[in-house]
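Visitor: Have a look at this one before I ask anything.
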Amino acid sequence: MSAARLLRSTTAVRTRARQLLARAREGASEYFVVSGTALAGAARTVAQLTRERYPDGRIPYHSRWRHFEAGGVDRRALLDAALGDVDAATRARAQIDLVVVSVLLDAGAGADWSYREAASGQRFARSEGLGVASFHAFLAGLFSSDPQRPLRVDAAGLSAVTAERLATAFQVGGGNPLVGLEGRAALLRRLGEALAAQPAVFGAQGRPGGLFDALTAQGGGAVAAHDILVLLLDTLSGIWPAQNTIDGEPLGDCWRHPAVVGEGLTAGWMPFHKLSQWLTYSLLEPFEWAGVRVTGLDALTGLPEYRNGGLLIDAGVLRPLPPDWATRDWQAGDAFIVEWRALTVALLDELAPLVRAELDLSEQQMPLACVLEGGTWAAGRLLAQRQRGGLPPLNIVSDGTVF
């Protein structure tokens, strides 16, 4: 197995994240001090917010579909109505098409951008705004090459996506700047190239919805969550910026850290696959709505992004050591950021059972996908709002493909 393939698993993510957490707890990190006692307080904060958000105890998955519900609008129903009377597989392919482009557009928007939805009159920012904007861009056929079939994504349609067309769809202007606009458009074009190059998975038109057929071809009515992720990583890793490679193979969201132990060429590499895992979480429901049972949800990891990681800093679980940590501009590849993200993954695994205990729920009743939604992401946003008006605790330079 190639070194790149060894890094395309959540086992690699977890094992290496726990290495860095153990090292930090031993006092060997130059970047963070870990407070074990603060973890219980963070769990109580998450549990309390989960009760407030879902008083009936029915906690959905952390998923792009939650953003499609922003402002109390059931946009899934709008998509269903637009699709009309189609079979379950056709509906699932369209839902998967939508989710794939929407998630790939879901990197940090910046504090100054927002989107006004014409039908509801509501204005949305950050992830919700990106979700609502991408939903309407999909309905308008921005990602389809066939005007007669707007409700799909295909390789030819993606190849025509420019920063200018994306800016129009996302209402970007002088007073409404969107971080990483060029990077987002380039990412979608690379997606189109990857889809076109793999017709065995994505069909002759190069549709993301081909994932549904590829993963259900064996029958049995079930698919493992980790199998969804691995197929995404095997087929789409080439779309990510190519600065991170081993022997010419792109690694995607995988970064150098000098303290990470690993075999051979994988030594020193810390994988995350954050957007690919966020995409996997967001694909769970289209499979389930089509009658396919998804197994092994907790094989996926927590998402190492600024809301979950911010929760741990703002709740006092992680104390950054660099004196300028809050004021300097960080790059995604900086060892400080790589370690912050790794500690986030490992600590979310420790936080989850504490949250379940607070809520008296089992792992089966509240898998990690629900802990995140209930949950850690919302608590991270809440604490950020209280302490900094919603801004992340760290200034990370984004190209629109990681955060």
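Each chain of the structure tokens is named A, B, ... in the order shown, its residues numbered from 1; ligands are numbered from 1 in display order.
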Can you pull out the residues contacting region 178-195 of chain A? Cut-off 8 Å, using only C-alpha atoms, and skip same-chain residues under 2 positions away; I want them as a short mmCIF file (atom, residue, chain, number, x, y, z; two decimals) with N, CA and C atoms, in the first residue's frame.
Guide:
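Okay, this is what ended up in around_21.cif:
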data_model
loop_
_atom_site.label_atom_id
_atom_site.label_comp_id
_atom_site.auth_asym_id
_atom_site.auth_seq_id
_atom_site.Cartn_x
_atom_site.Cartn_y
_atom_site.Cartn_z
N VAL A 101 -20.90 19.81 -4.10
CA VAL A 101 -20.43 21.17 -4.43
C VAL A 101 -20.61 22.12 -3.25
N LEU A 104 -17.77 21.54 -0.74
CA LEU A 104 -16.49 22.01 -1.24
C LEU A 104 -16.42 23.54 -1.25
N LEU A 105 -17.56 24.19 -1.24
CA LEU A 105 -17.59 25.65 -1.15
C LEU A 105 -17.62 26.13 0.30
N GLY A 108 -14.08 28.82 5.26
CA GLY A 108 -14.40 30.06 5.95
C GLY A 108 -14.72 31.20 5.00
N ALA A 109 -15.86 31.84 5.22
CA ALA A 109 -16.31 32.91 4.32
C ALA A 109 -15.70 34.25 4.66
N GLY A 110 -15.20 34.39 5.90
CA GLY A 110 -14.76 35.69 6.36
C GLY A 110 -15.89 36.42 7.07
N ASP A 112 -16.99 39.50 6.76
CA ASP A 112 -17.66 40.62 6.10
C ASP A 112 -18.61 40.21 4.98
N TRP A 113 -18.77 38.90 4.76
CA TRP A 113 -19.63 38.44 3.66
C TRP A 113 -20.97 37.94 4.20
N ASP A 154 -22.37 18.33 -13.13
CA ASP A 154 -21.63 17.46 -14.04
C ASP A 154 -20.29 18.09 -14.37
N ALA A 155 -19.40 17.28 -14.92
CA ALA A 155 -18.02 17.71 -15.16
C ALA A 155 -17.95 18.93 -16.08
N ALA A 156 -18.75 18.92 -17.14
CA ALA A 156 -18.71 20.04 -18.09
C ALA A 156 -19.23 21.32 -17.44
N GLY A 157 -20.26 21.19 -16.62
CA GLY A 157 -20.78 22.37 -15.93
C GLY A 157 -19.75 22.95 -14.97
N LEU A 158 -19.04 22.10 -14.26
CA LEU A 158 -18.03 22.57 -13.32
C LEU A 158 -16.86 23.23 -14.03
N SER A 159 -16.52 22.72 -15.22
CA SER A 159 -15.39 23.29 -15.96
C SER A 159 -15.65 24.74 -16.36
N ALA A 160 -16.92 25.14 -16.38
CA ALA A 160 -17.28 26.50 -16.79
C ALA A 160 -17.42 27.46 -15.61
N VAL A 161 -17.20 26.96 -14.39
CA VAL A 161 -17.33 27.82 -13.21
C VAL A 161 -16.12 28.74 -13.11
N THR A 162 -16.38 30.02 -13.09
CA THR A 162 -15.31 31.02 -12.92
C THR A 162 -15.55 31.78 -11.63
N ALA A 163 -14.52 32.48 -11.19
CA ALA A 163 -14.67 33.31 -9.99
C ALA A 163 -15.77 34.36 -10.21
N LEU A 166 -19.20 32.67 -9.95
CA LEU A 166 -19.42 32.35 -8.54
C LEU A 166 -19.70 33.61 -7.74
N ALA A 167 -19.00 34.67 -8.04
CA ALA A 167 -19.22 35.94 -7.34
C ALA A 167 -20.64 36.44 -7.55
N VAL A 172 -21.26 38.56 -4.29
CA VAL A 172 -19.99 39.17 -3.88
C VAL A 172 -19.83 40.53 -4.57
N ASN A 176 -19.13 43.43 -0.04
CA ASN A 176 -19.53 42.10 0.41
C ASN A 176 -18.49 41.08 -0.07
N ALA A 197 -12.50 12.22 -15.35
CA ALA A 197 -11.43 11.24 -15.52
C ALA A 197 -11.77 9.87 -14.93
N GLN A 198 -12.92 9.76 -14.22
CA GLN A 198 -13.24 8.50 -13.54
C GLN A 198 -14.68 8.08 -13.83
N PRO A 199 -14.98 7.77 -15.09
CA PRO A 199 -16.36 7.42 -15.46
C PRO A 199 -16.85 6.14 -14.80
N PHE A 202 -18.17 7.89 -11.62
CA PHE A 202 -19.02 9.07 -11.74
C PHE A 202 -19.83 9.12 -13.03
N GLY A 206 -19.93 12.52 -15.59
CA GLY A 206 -19.10 13.00 -14.50
C GLY A 206 -19.91 13.66 -13.40
N ARG A 207 -20.84 12.90 -12.82
CA ARG A 207 -21.70 13.44 -11.76
C ARG A 207 -21.28 12.92 -10.39
N PRO A 208 -21.17 13.79 -9.38
CA PRO A 208 -20.89 13.31 -8.02
C PRO A 208 -21.90 12.27 -7.56
N THR A 235 -10.85 8.94 -4.92
CA THR A 235 -11.23 9.50 -6.21
C THR A 235 -11.03 11.00 -6.31
N LEU A 236 -11.06 11.71 -5.17
CA LEU A 236 -11.06 13.17 -5.23
C LEU A 236 -9.83 13.83 -4.60
N GLY A 238 -7.02 14.32 -5.70
CA GLY A 238 -6.30 15.13 -6.66
C GLY A 238 -6.82 16.54 -6.82
N ILE A 239 -8.00 16.85 -6.26
CA ILE A 239 -8.56 18.19 -6.45
C ILE A 239 -7.97 19.20 -5.48
N TRP A 240 -7.33 18.73 -4.41
CA TRP A 240 -6.84 19.65 -3.39
C TRP A 240 -5.52 20.27 -3.82
N SER A 398 -6.78 31.90 4.80
CA SER A 398 -7.53 30.84 4.10
C SER A 398 -7.46 31.03 2.60
N ASP A 399 -7.27 29.91 1.88
CA ASP A 399 -7.38 29.96 0.42
C ASP A 399 -8.72 29.37 -0.05
N GLY A 400 -9.61 29.14 0.92
CA GLY A 400 -10.93 28.64 0.57
C GLY A 400 -11.01 27.14 0.42
N THR A 401 -9.99 26.40 0.88
CA THR A 401 -10.01 24.95 0.67
C THR A 401 -9.79 24.14 1.95
#
Visitor: Please return, as a PyMOL selection string, all residues of region 127-307 of chain A that DSSP assigns to helix (DSSP H, G or I) on the basis of the backbone.
Guide: chain A and resi 127-139+155-159+163-169+181-196+199-202+210-216+225-239+264-266+274-289+297-299+306-307
Visitor: Go through A:Leu49, A:Met366, A:Leu79, A:Ala92 one by one, measure the shortest atom-to-atom distance of each to Leu284 (chain A) using only C-alpha atoms, and give the residue with the smallest value.
Guide: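 Between A:Leu49, A:Met366, A:Leu79, A:Ala92, the residue approaching Leu284 (chain A) most closely is A:Ala92.
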Visitor: Tell me, in Å to one decimal, how far CA of Arg388 (chain A) is from CA of Arg44 (chain A).
Guide: 21.2 Å
Visitor: Using only C-alpha atoms, which protein or nucleic acid residues come within 9 Å of region 257-264 of chain A? Drop anything in the same chain fewer than 6 positions from it, and give the result as a PyMOL selection string.
Guide: chain A and resi 3+16-17+19-20+23+270+333-336+338-339
Visitor: Counting only C-alpha atoms, which of A:Arg123, A:Arg18, A:Arg307, A:Arg51 gets nearest to Arg381 (chain A)?
Guide: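 For Arg381 (chain A), the nearest of the given residues is A:Arg307.
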Visitor: So, with only C-alpha atoms as the atoms that count, which of A:Gly36, A:Gly291, A:Gly375, A:Pro271 lies closest to Pro304 (chain A)?
Guide: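 Counting only C-alpha atoms, the residue closest to Pro304 (chain A) is A:Pro271.
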Visitor: Of the candidates A:Leu321, A:Leu372, A:Val73, A:Ala43, which shows the shortest atom-to-atom distance to Glu30 (chain A), using only C-alpha atoms?
Guide: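 With only C-alpha atoms as the atom set, the closest residue is A:Leu321.
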Visitor: Could you go through region 293-377 of chain A and tell me which residues DSSP, when run on the backbone, assigns to strand (DSSP E or B), listing them as a list in words?
Guide: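 DSSP on the backbone gives strand (DSSP E or B) at Arg293, Val294, Thr295, Leu318, Arg319, Pro320, Asp329 and Trp330 of chain A.
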